[in-house]
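File shown: upload_15.tsv. Contents: TSV, C-alpha atoms and all ligand atoms.
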```
chain	number	residue	atom	x	y	z
A	148	MET	CA	3.61	-16.18	-2.65
A	149	ASN	CA	6.46	-13.68	-2.73
A	150	ALA	CA	7.48	-12.08	-6.00
A	151	VAL	CA	11.14	-12.95	-5.46
A	152	PRO	CA	13.14	-15.79	-3.91
A	153	ASN	CA	15.64	-15.16	-1.12
A	154	ARG	CA	18.56	-12.83	-1.60
A	155	ALA	CA	21.76	-14.20	-3.07
A	156	PRO	CA	25.02	-13.52	-1.18
A	157	ASP	CA	26.31	-9.93	-1.61
A	158	SER	CA	29.06	-11.15	-3.89
A	159	ASP	CA	26.55	-12.20	-6.57
A	160	SER	CA	23.99	-9.53	-5.93
A	161	GLY	CA	25.61	-6.19	-6.63
A	162	GLY	CA	26.54	-5.22	-3.08
A	163	PRO	CA	24.61	-4.05	-0.01
A	164	ALA	CA	21.04	-2.80	0.05
A	165	LEU	CA	19.95	0.84	0.33
A	166	ASP	CA	19.52	2.11	3.90
A	167	TYR	CA	15.76	2.77	3.74
A	168	THR	CA	15.48	4.42	7.14
A	169	ALA	CA	18.01	7.04	6.07
A	170	ALA	CA	16.44	7.38	2.58
A	171	ILE	CA	12.96	7.96	4.01
A	172	ALA	CA	14.24	10.49	6.57
A	173	GLU	CA	16.04	12.33	3.76
A	174	PHE	CA	12.83	12.56	1.70
A	175	TYR	CA	10.89	14.20	4.55
A	176	ARG	CA	13.77	16.58	5.25
A	177	GLU	CA	13.72	17.67	1.62
A	178	PHE	CA	9.93	17.78	1.25
A	179	PRO	CA	8.49	18.37	4.75
A	180	GLN	CA	5.09	19.28	3.24
A	181	HIS	CA	4.73	15.69	2.04
A	182	ARG	CA	4.69	14.22	5.56
A	183	LYS	CA	0.93	14.63	5.24
A	184	ASP	CA	0.35	12.92	1.89
A	185	VAL	CA	3.25	10.62	1.00
A	186	PHE	CA	3.61	7.52	3.14
A	187	ILE	CA	6.55	5.21	2.60
A	188	LEU	CA	6.56	1.63	3.86
A	189	ASN	CA	9.98	0.65	5.16
A	190	PRO	CA	10.88	-2.87	4.02
A	191	GLN	CA	13.74	-3.04	6.54
A	192	THR	CA	11.84	-2.33	9.77
A	193	ALA	CA	8.78	-4.58	9.67
A	194	THR	CA	8.35	-8.26	8.92
A	195	ASN	CA	4.72	-8.20	7.81
A	196	GLY	CA	2.31	-5.87	6.06
A	197	LYS	CA	0.19	-5.10	9.10
A	198	ASP	CA	3.21	-3.99	11.15
A	199	ALA	CA	4.60	-1.98	8.25
A	200	VAL	CA	1.32	-0.14	7.77
A	201	LYS	CA	0.98	0.40	11.56
A	202	LEU	CA	4.05	2.64	11.37
A	203	ILE	CA	2.28	5.01	8.96
A	204	ALA	CA	-1.17	4.61	10.56
A	205	PRO	CA	-1.27	7.88	12.57
A	206	ALA	CA	-0.54	9.89	9.40
A	207	LEU	CA	-3.18	7.90	7.46
A	208	ASP	CA	-5.72	8.59	10.25
A	209	ASP	CA	-5.00	12.32	9.99
A	210	LEU	CA	-5.49	12.23	6.22
A	211	GLN	CA	-8.80	10.39	6.68
A	212	ALA	CA	-10.00	12.89	9.30
A	213	GLN	CA	-9.30	15.80	6.95
A	214	ASN	CA	-10.67	14.09	3.82
A	215	PRO	CA	-13.71	12.02	4.81
A	216	THR	CA	-14.28	10.78	1.22
A	217	ALA	CA	-10.73	9.43	0.80
A	218	MET	CA	-10.79	5.63	0.59
A	219	VAL	CA	-8.04	5.14	3.16
A	220	PRO	CA	-8.95	1.59	4.32
A	221	PHE	CA	-8.97	0.37	0.72
A	222	SER	CA	-5.53	1.85	-0.04
A	223	ARG	CA	-4.23	0.66	3.30
A	224	SER	CA	-5.09	-2.94	2.54
A	225	LEU	CA	-3.48	-2.65	-0.92
A	226	GLY	CA	-0.36	-1.35	0.85
A	227	GLU	CA	-0.39	-4.34	3.23
A	228	THR	CA	-0.71	-6.74	0.30
A	229	ALA	CA	2.11	-5.05	-1.63
A	230	PHE	CA	4.33	-5.34	1.44
A	231	MET	CA	3.51	-9.01	2.06
A	232	LYS	CA	4.00	-9.96	-1.58
A	233	LYS	CA	7.13	-7.80	-1.80
A	234	ILE	CA	5.79	-6.00	-4.85
A	235	PRO	CA	7.36	-2.56	-5.36
A	236	MET	CA	4.49	-0.19	-6.18
A	237	SER	CA	2.68	2.91	-5.11
A	238	VAL	CA	-0.95	3.13	-4.21
A	239	ASN	CA	-2.99	6.27	-4.79
A	240	ILE	CA	-5.40	7.24	-2.05
A	241	THR	CA	-8.42	8.56	-3.94
A	242	ASP	CA	-12.17	8.76	-3.49
A	243	SER	CA	-12.92	6.03	-5.98
A	244	PRO	CA	-11.28	2.63	-6.38
A	245	PHE	CA	-8.74	2.68	-9.23
A	246	ALA	CA	-9.57	6.37	-9.87
A	247	ARG	CA	-12.42	5.58	-12.25
A	248	LYS	CA	-14.18	8.88	-11.74
A	249	ALA	CA	-13.62	11.81	-14.08
A	250	GLU	CA	-11.39	14.05	-12.04
A	251	ALA	CA	-10.63	11.84	-9.08
A	252	VAL	CA	-8.64	13.69	-6.44
A	253	ILE	CA	-5.47	11.97	-5.28
A	254	TYR	CA	-5.24	12.72	-1.57
A	255	GLY	CA	-2.02	10.84	-0.99
A	256	ARG	CA	0.14	7.96	-1.98
A	257	ILE	CA	1.46	4.88	-0.18
A	258	VAL	CA	4.86	3.90	-1.60
A	259	MET	CA	6.20	0.36	-1.33
A	260	PRO	CA	9.90	0.34	-2.30
A	261	ALA	CA	11.87	-2.69	-3.48
A	262	GLY	CA	13.00	-4.63	-0.40
A	263	ASP	CA	16.37	-6.21	0.42
A	264	GLU	CA	15.58	-9.28	-1.67
A	265	PHE	CA	15.60	-7.20	-4.82
A	266	THR	CA	19.29	-7.36	-5.62
A	267	ALA	CA	20.77	-5.66	-8.68
A	268	GLN	CA	20.47	-8.92	-10.62
A	269	LYS	CA	16.83	-9.44	-9.69
A	270	LEU	CA	15.78	-5.87	-10.34
A	271	LYS	CA	17.48	-5.93	-13.70
A	272	ALA	CA	15.75	-9.23	-14.48
A	273	LEU	CA	12.41	-7.77	-13.40
A	274	PHE	CA	12.89	-4.88	-15.84
A	275	THR	CA	14.50	-6.75	-18.70
A	276	GLY	CA	13.47	-10.36	-18.50
A	277	HIS	CA	10.20	-12.09	-18.84
A	278	SER	CA	10.75	-14.06	-15.69
A	279	VAL	CA	12.18	-13.13	-12.32
A	280	GLY	CA	14.21	-16.34	-12.36
A	281	ALA	CA	16.30	-15.00	-15.25
A	282	ASN	CA	18.64	-13.33	-12.80
A	283	SER	CA	21.97	-13.48	-14.57
A	284	ASN	CA	23.58	-10.22	-15.64
A	285	ALA	CA	24.94	-12.02	-18.69
A	286	ARG	CA	21.45	-12.19	-20.17
A	287	TYR	CA	20.63	-9.79	-22.97
A	288	PRO	CA	20.50	-6.82	-22.61
A	289	SER	CA	23.67	-7.03	-20.53
A	290	MET	CA	24.85	-4.13	-18.39
A	291	LYS	CA	28.21	-2.96	-17.04
A	292	GLU	CA	28.88	-4.66	-13.70
A	293	GLU	CA	29.86	-1.44	-11.89
A	294	PHE	CA	26.45	0.06	-12.60
A	295	ASN	CA	24.50	-3.10	-11.93
A	296	ASN	CA	24.66	-2.12	-8.29
A	297	THR	CA	21.95	-3.07	-5.80
A	298	GLU	CA	21.84	0.28	-4.00
A	299	MET	CA	21.54	2.19	-7.32
A	300	TRP	CA	18.71	-0.03	-8.49
A	301	GLN	CA	16.80	0.23	-5.20
A	302	ARG	CA	17.34	4.00	-5.21
A	303	TYR	CA	16.02	4.18	-8.73
A	304	VAL	CA	12.81	2.33	-7.82
A	305	LEU	CA	12.29	4.46	-4.68
A	306	ASP	CA	13.08	7.80	-6.36
A	307	HIS	CA	10.85	6.85	-9.32
A	308	GLU	CA	7.90	6.20	-6.98
A	309	LEU	CA	8.67	9.33	-4.99
A	310	GLY	CA	8.83	11.19	-8.31
A	311	HIS	CA	5.26	10.06	-8.98
A	312	ALA	CA	4.25	11.13	-5.49
A	313	LEU	CA	5.85	14.58	-5.88
A	314	THR	CA	4.14	15.26	-9.19
A	315	MET	CA	0.78	13.72	-8.30
A	316	LEU	CA	-1.71	14.03	-11.10
A	317	SER	CA	-5.31	14.77	-10.53
A	318	ILE	CA	-6.67	12.58	-13.25
A	319	ASN	CA	-8.40	14.52	-15.98
A	320	LYS	CA	-9.89	12.00	-18.36
A	321	GLN	CA	-10.69	14.64	-20.99
A	322	SER	CA	-7.01	15.42	-21.53
A	323	MET	CA	-6.58	11.76	-22.52
A	324	LYS	CA	-7.92	12.78	-25.93
A	325	THR	CA	-4.74	14.64	-26.79
A	326	SER	CA	-2.06	13.61	-24.36
A	327	SER	CA	-0.98	10.29	-22.85
A	328	ILE	CA	-1.34	11.04	-19.15
A	329	GLY	CA	0.21	7.71	-18.23
A	330	ASN	CA	3.30	8.35	-20.33
A	331	ARG	CA	3.66	11.87	-18.98
A	332	ALA	CA	3.57	10.57	-15.40
A	333	GLU	CA	6.24	7.97	-16.21
A	334	CYS	CA	8.44	10.63	-17.84
A	335	GLU	CA	8.13	12.78	-14.71
A	336	ALA	CA	9.06	9.89	-12.40
A	337	ASP	CA	12.01	8.67	-14.49
A	338	CYS	CA	13.40	12.19	-15.06
A	339	TYR	CA	13.15	13.05	-11.36
A	340	SER	CA	14.85	9.79	-10.34
A	341	MET	CA	17.68	10.14	-12.87
A	342	ILE	CA	18.39	13.80	-12.00
A	343	ARG	CA	18.72	12.66	-8.39
A	344	HIS	CA	20.83	9.70	-9.52
A	345	TYR	CA	23.47	11.99	-11.05
A	346	GLN	CA	23.40	14.14	-7.92
A	347	ARG	CA	23.90	11.12	-5.67
A	348	TYR	CA	26.33	9.02	-7.70
A	349	GLY	CA	28.16	11.56	-9.83
A	350	ALA	CA	27.99	12.95	-13.36
A	351	GLN	CA	30.09	10.06	-14.70
A	352	SER	CA	27.43	7.42	-14.02
A	353	GLU	CA	26.15	5.48	-17.03
A	354	PHE	CA	23.15	4.10	-15.18
A	355	PRO	CA	20.72	6.72	-16.63
A	356	GLU	CA	21.83	5.79	-20.14
A	357	PHE	CA	21.07	2.18	-19.38
A	358	VAL	CA	17.64	3.14	-18.01
A	359	SER	CA	16.89	5.13	-21.19
A	360	GLU	CA	17.85	2.17	-23.37
A	361	LEU	CA	16.00	-0.22	-21.08
A	362	ARG	CA	12.77	1.72	-21.44
A	363	ASN	CA	13.25	1.49	-25.20
A	364	PHE	CA	13.98	-2.24	-25.06
A	365	ASN	CA	10.80	-2.72	-23.06
A	366	ALA	CA	8.69	-0.79	-25.57
A	367	VAL	CA	10.00	-3.07	-28.31
A	368	HIS	CA	10.21	-6.37	-26.42
A	369	LYS	CA	7.16	-6.05	-24.21
A	370	GLY	CA	5.04	-3.43	-25.93
A	371	ASP	CA	5.41	-1.33	-22.76
A	372	VAL	CA	4.76	2.03	-24.43
A	373	VAL	CA	3.46	3.86	-21.37
A	374	HIS	CA	6.92	3.57	-19.78
A	375	TRP	CA	8.72	4.78	-22.94
A	376	THR	CA	10.58	7.62	-21.25
A	377	SER	CA	13.70	7.47	-23.44
A	378	PRO	CA	13.34	10.86	-25.24
A	379	ALA	CA	12.68	12.60	-21.90
A	380	LEU	CA	15.63	10.82	-20.26
A	381	ASP	CA	17.90	11.83	-23.12
A	382	GLU	CA	17.28	15.45	-22.16
A	383	VAL	CA	18.33	14.67	-18.57
A	384	ILE	CA	21.46	12.91	-19.88
A	385	ALA	CA	22.31	15.92	-22.08
A	386	LEU	CA	21.76	18.41	-19.22
A	387	ASN	CA	24.07	16.33	-17.04
A	388	LYS	CA	26.79	16.52	-19.70
A	389	GLN	CA	26.39	20.32	-19.68
A	390	GLY	CA	26.82	20.36	-15.87
A	391	LYS	CA	23.33	21.72	-15.27
A	392	LEU	CA	22.03	19.22	-12.69
A	393	ALA	CA	24.50	19.10	-9.80
A	394	HIS	CA	23.43	22.38	-8.17
A	395	LEU	CA	19.65	21.82	-8.36
A	396	THR	CA	17.69	21.59	-5.10
A	397	PRO	CA	15.31	18.60	-4.78
A	398	ALA	CA	12.34	20.90	-5.49
A	399	GLN	CA	14.09	22.25	-8.61
A	400	ALA	CA	14.80	18.66	-9.70
A	401	ARG	CA	11.06	17.96	-9.41
A	402	ASP	CA	10.13	21.09	-11.39
A	403	LEU	CA	12.65	20.31	-14.12
A	404	ALA	CA	11.29	16.74	-14.39
A	405	VAL	CA	7.74	18.12	-14.80
A	406	ASP	CA	8.94	20.57	-17.45
A	407	ILE	CA	10.81	17.94	-19.48
A	408	ALA	CA	7.88	15.50	-19.27
A	409	GLN	CA	5.45	18.17	-20.41
A	410	ARG	CA	7.47	18.67	-23.60
A	411	ARG	CA	8.61	15.10	-24.24
A	412	HIS	CA	5.67	12.83	-23.43
A	413	LEU	CA	3.68	10.99	-26.08
A	414	SER	CA	0.51	12.23	-27.68
A	415	VAL	CA	-2.35	9.73	-27.75
A	416	ASP	CA	-1.78	9.26	-31.48
A	417	ALA	CA	1.91	8.47	-30.96
A	418	GLU	CA	1.08	6.11	-28.09
A	419	TYR	CA	-1.49	4.33	-30.23
A	420	ASN	CA	0.89	4.02	-33.20
A	421	MET	CA	3.61	2.58	-30.99
A	422	GLN	CA	1.23	0.09	-29.40
A	423	GLN	CA	0.14	-1.10	-32.84
A	424	ALA	CA	3.70	-1.36	-34.17
A	425	PHE	CA	5.20	-3.11	-31.16
A	426	ALA	CA	2.40	-5.66	-30.87
A	427	GLU	CA	4.41	-7.37	-33.64
A	428	THR	CA	7.70	-7.39	-31.71
A	429	LEU	CA	5.84	-8.43	-28.56
A	430	ALA	CA	4.60	-11.47	-30.50
A	431	VAL	CA	8.24	-12.28	-31.34
A	432	SER	CA	9.19	-12.08	-27.63
A	433	LYS	CA	6.25	-14.28	-26.65
A	434	ALA	CA	7.18	-16.88	-29.25
A	435	ALA	CA	10.75	-16.89	-27.88
A	436	ILE	CA	9.46	-17.63	-24.38
A	437	ALA	CA	7.05	-20.31	-25.59
A	438	ASN	CA	9.75	-22.01	-27.69
A	439	LYS	CA	12.52	-21.47	-25.10
A	440	THR	CA	14.58	-19.82	-27.87
A	441	HIS	CA	18.12	-19.15	-26.64
A	442	ASP	CA	19.35	-15.57	-26.16
A	443	GLY	CA	21.18	-15.26	-29.47
A	444	ASP	CA	18.22	-16.14	-31.66
A	445	ARG	CA	15.83	-14.29	-29.35
A	446	ALA	CA	17.89	-11.13	-29.84
A	447	MET	CA	18.29	-11.61	-33.61
A	448	ASN	CA	14.57	-12.30	-34.12
A	449	SER	CA	13.70	-9.10	-32.26
A	450	LEU	CA	16.27	-7.15	-34.24
A	451	ALA	CA	14.98	-8.48	-37.57
A	452	LYS	CA	11.36	-7.55	-36.77
A	453	THR	CA	12.34	-4.13	-35.40
A	454	CYS	CA	14.33	-3.26	-38.55
A	455	GLU	CA	11.42	-4.44	-40.71
A	456	ILE	CA	9.02	-2.16	-38.79
A	457	GLY	CA	11.46	0.75	-38.85
A	458	ALA	CA	11.87	0.49	-42.63
A	459	LYS	CA	8.15	0.90	-43.29
A	460	THR	CA	6.50	2.81	-40.40
A	461	GLN	CA	4.96	6.25	-40.97
A	462	SER	CA	5.13	7.16	-37.26
A	463	PRO	CA	8.09	9.32	-36.10
A	464	SER	CA	7.84	7.85	-32.58
A	465	VAL	CA	7.89	4.27	-33.85
A	466	LEU	CA	10.85	5.11	-36.09
A	467	ASP	CA	12.67	6.77	-33.19
A	468	ALA	CA	12.21	3.67	-31.00
A	469	CYS	CA	13.38	1.35	-33.81
A	470	GLN	CA	16.46	3.47	-34.51
A	471	ARG	CA	17.31	3.56	-30.80
A	472	TYR	CA	16.90	-0.20	-30.65
A	473	PHE	CA	19.33	-0.71	-33.51
A	474	ARG	CA	21.95	1.61	-31.96
A	475	ALA	CA	21.60	-0.01	-28.53
A	476	PHE	CA	21.71	-3.53	-29.85
A	477	ARG	CA	25.46	-3.38	-30.40
A	478	LEU	CA	26.04	-1.94	-26.92
A	479	TYR	CA	24.02	-4.47	-24.99
A	480	ALA	CA	23.99	-7.71	-26.97
A	481	PRO	CA	26.60	-10.11	-25.52
A	482	THR	CA	29.41	-10.51	-28.04
A	483	ASP	CA	29.50	-14.29	-27.87
A	484	MET	CA	25.85	-14.95	-28.74
A	485	PRO	CA	25.50	-17.94	-31.04
A	486	GLN	CA	22.69	-17.40	-33.54
A	487	SER	CA	21.30	-19.26	-36.51
A	488	LYS	CA	20.18	-16.71	-39.13
A	489	THR	CA	21.06	-17.68	-42.73
A	490	PRO	CA	23.25	-15.36	-44.82
A	491	ASP	CA	20.15	-14.26	-46.79
A	492	GLU	CA	18.25	-13.46	-43.62
A	493	LEU	CA	21.20	-11.44	-42.33
A	494	LYS	CA	21.33	-9.57	-45.63
A	495	GLN	CA	17.63	-8.67	-45.28
A	496	ILE	CA	18.19	-7.34	-41.73
A	497	GLY	CA	21.08	-5.26	-43.05
A	498	ALA	CA	18.99	-3.85	-45.91
A	499	ASP	CA	16.07	-2.94	-43.60
A	500	ALA	CA	18.45	-1.41	-41.06
A	501	GLY	CA	20.21	0.65	-43.71
A	502	LYS	CA	16.91	1.99	-45.00
A	503	MET	CA	15.53	2.62	-41.50
A	504	MET	CA	18.58	4.51	-40.21
A	505	LYS	CA	18.40	6.97	-43.10
A	506	ARG	CA	14.72	7.78	-42.65
A	507	LYS	CA	13.30	10.95	-41.10
A	508	LEU	CA	9.61	11.44	-40.30
A	509	GLU	CA	7.92	14.58	-39.02
A	510	LYS	CA	4.19	14.19	-38.52
A	511	GLU	CA	2.56	11.58	-36.32
A	512	PRO	CA	-0.27	9.84	-38.23
A	513	GLU	CA	-3.60	10.36	-36.48
A	514	MET	CA	-5.67	7.52	-35.18
A	515	ASP	CA	-8.33	6.87	-37.84
A	516	GLY	CA	-11.71	8.55	-37.54
A	517	LEU	CA	-13.85	5.68	-36.36
A	518	ARG	CA	-11.41	4.44	-33.76
A	519	ARG	CA	-10.89	7.96	-32.45
A	520	ALA	CA	-14.63	8.62	-32.27
A	521	PHE	CA	-15.12	5.40	-30.31
A	522	ARG	CA	-12.24	6.14	-27.94
A	523	ASP	CA	-13.47	9.71	-27.33
A	524	ALA	CA	-16.98	8.44	-26.67
A	525	MET	CA	-15.64	5.97	-24.09
A	526	ILE	CA	-13.67	8.74	-22.38
A	527	ASP	CA	-16.77	10.97	-22.36
A	528	PHE	CA	-18.80	8.12	-20.91
A	529	SER	CA	-16.38	7.33	-18.10
A	530	SER	CA	-15.73	10.98	-17.28
A	531	GLY	CA	-19.41	11.88	-17.17
A	532	LYS	CA	-19.20	14.43	-20.03
A	533	LYS	CA	-21.87	14.66	-22.70
A	534	PRO	CA	-20.81	13.66	-26.21
A	535	GLY	CA	-19.73	16.63	-28.32
A	536	GLN	CA	-18.73	18.72	-25.32
A	537	LYS	CA	-15.36	20.39	-25.86
A	538	PRO	CA	-12.43	18.67	-24.12
A	539	ALA	CA	-11.07	20.51	-21.08
A	540	ALA	CA	-7.60	22.02	-21.32
A	541	PRO	CA	-4.97	19.36	-20.68
A	542	ASN	CA	-4.12	19.00	-17.02
A	543	ASP	CA	-0.99	21.04	-16.40
A	544	ASN	CA	0.01	18.82	-13.51
A	545	LYS	CA	1.49	21.48	-11.25
A	546	PRO	CA	3.29	19.91	-8.28
A	547	LYS	CA	1.42	20.34	-5.02
A	548	GLY	CA	2.76	22.30	-2.07
A	549	PRO	CA	4.92	25.36	-1.69
B	601	ZN	ZN	6.00	4.64	-12.68
```

With the file now loaded, output its structure as structure tokens.
Ligand SMILES: [Zn+2]
Amino acid sequence: MNAVPNRAPDSDSGGPALDYTAAIAEFYREFPQHRKDVFILNPQTATNGKDAVKLIAPALDDLQAQNPTAMVPFSRSLGETAFMKKIPMSVNITDSPFARKAEAVIYGRIVMPAGDEFTAQKLKALFTGHSVGANSNARYPSMKEEFNNTEMWQRYVLDHELGHALTMLSINKQSMKTSSIGNRAECEADCYSMIRHYQRYGAQSEFPEFVSELRNFNAVHKGDVVHWTSPALDEVIALNKQGKLAHLTPAQARDLAVDIAQRRHLSVDAEYNMQQAFAETLAVSKAAIANKTHDGDRAMNSLAKTCEIGAKTQSPSVLDACQRYFRAFRLYAPTDMPQSKTPDELKQIGADAGKMMKRKLEKEPEMDGLRRAFRDAMIDFSSGKKPGQKPAAPNDNKPKGP
């Protein structure tokens, strides 16, 4: 089954699709060294996965010949499946399935962009909604029509995946003890894609601000902490305002994204604290889906829980996400939402919000001793290190190539 139904007419879908043939050619012009290790499936030139993968087969064969331990057939079949199911994703070509080994080498990456069917409405719904069918732009969080543009969305997904490819991590499980590798990779990919967005669409675009807020909404609504790139994206947004992005070359855009991510990604303690805190808001979202709660009450229930968490948390990252949520709520909640909170309930939300917005926290509480010891032991086990051995220096994730 495909992930999305057929495309709506252009008039309801945010305009024409991205020209993928031109976008792929541009990538190899900018990064010729990645002809050998980044392979992009073109959703506009093939009708099935086998044909799509055939177009990149000679390059995959070369990679296999040079790296006999790379699991090319495995990645290739994942790529075919992604294409057939129309799932935007990227597949790492490593020497162990799902990179379970300690320092698995990533030899290359197969990127499956979002195809023509992913209109602005559907991509927004995929990011914001809990179901792909919720494809109306009126649904909370709403977004300005001029930026809910199909080409911008498809560009974002492609540049995000290419951002991952350009900053490929060799996975160092030991650095997971101090640093969320997953979050750092997402910060790199989002920063790269949004720097390029400003370069392509102009410094006036508000799309990156929406993406920053969206990542925050998703941490709160879905508990998606690994993709919480908002603090990193805010630095990109600020640099754009200072006029510091327009002149960057694509390679400089990549290096800047790596630098921002290195400074702005979550520690494991912060990631853990956010996951614990937003399990509560995730439960609110799940209840809304189960009870088919309408948008107004869905939004107000999330807001109430977020303010309650923000008023009592000891984690600076959790507080930051709650404060962002409160500020964004007014921007993105439709103005005509009917809702059924009582005056007393509204007063409580106001009191929590007032308290939360005044708070400042500095130090991230550490995961408690027993939980940390267990987690570290599991990392040691799966990375083949002996217990008690000192963790390796965190992976500095230098981009490959010249
Ligand atoms: Zn990603």

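Residue nearest Leu270 in chain A, chosen from A:Gln213, A:Thr325, A:Ser160, A:Asn189 and counting only C-alpha atoms: A:Ser160.
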
> If you count only C-alpha atoms and all ligand atoms, which residues end up within 8 Å of ligand ZN 601 (chain B), as a PyMOL selection string?
Replying inline: chain A and resi 307-308+311+332-333+336-337+374

> So how far away is CA of Thr275 in chain A from CA of Asn365 in chain A, in Å?
Replying inline: 7.0 Å

> Mind listing as a list in words all residues within 9 Å of (12.0, 2.2, 7.7), counting only C-alpha atoms?
Replying inline: Asp166, Tyr167, Thr168, Ala169, Ala170, Ile171, Ala172, Ile187, Leu188, Asn189, Pro190, Gln191, Thr192, Ala193, Ala199 and Leu202 of chain A

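With only C-alpha atoms as the atoms that count, the minimum distance from Gln351 in chain A to the choices A:Ala379, A:Ala393, A:Met259, A:Ala206 is reached by A:Ala393.
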
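Those residues that approach Asp306 in chain A to within 10 Å, counting only C-alpha atoms, are Ala170, Phe174, Pro260, Trp300, Ala312, Leu313, Ala336, Asp337, Cys338, Tyr339, Ser340, Met341, Ile342, Arg343 and His344 of chain A; same-chain residues fewer than 6 positions away are not listed.
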
Set out as JSON lines a contact list for range 349-390 of chain A and range 431-451 of chain A with a cut-off of 9 Å, giving each residue of range 349-390 of chain A that qualifies its closest atom pair and distance in Å to one decimal, counting all atoms listed in the file, ordered by chain and rising residue number.
```
{"residue": "A:Val367", "atom": "CA", "partner": "A:Ser449", "partner_atom": "CA", "distance": 8.1}
{"residue": "A:His368", "atom": "CA", "partner": "A:Ser432", "partner_atom": "CA", "distance": 5.9}
{"residue": "A:Lys369", "atom": "CA", "partner": "A:Ser432", "partner_atom": "CA", "distance": 7.2}
```

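Reported to one decimal place, the separation of CA of Thr396 in chain A from CA of His412 in chain A is 23.6 Å.
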
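Interatomic distance, CA of Ala424 in chain A against CA of Pro355 in chain A: 25.7 Å.
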
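Restricting the calculation to only C-alpha atoms, the smallest distance between Ala385 in chain A and any of A:Glu418, A:Tyr345, A:Leu225, A:Pro288 is found for A:Tyr345.
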
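Distances here use all atoms listed in the file; by that measure, the residue among A:Gln346, A:Asp371, A:Ala217, A:Ser464 closest to Pro397 in chain A is A:Gln346.
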
> Nearest to Asp406 in chain A among A:Thr228, A:Asn195, A:Thr314, A:Asn214, with distances taken over all atoms listed in the file: which residue is it?
Replying inline: A:Thr314

>> Which residue is closest to Lys510 in chain A? Choose from A:Pro463, A:Pro490, A:Gly196, A:Pro485 and count all atoms listed in the file.
In response: A:Pro463

>> Give me, as a count of residues only, all polymer residues having an atom no more than 7 Å from Ser222 in chain A, counting all atoms listed in the file and skipping those fewer than 3 positions away in the same chain.
In response: 7

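Residues with any atom within 7 Å of Leu165 in chain A, counting all atoms listed in the file and excluding same-chain neighbours fewer than 6 positions away, are Glu298, Gln301 and Arg302 of chain A.
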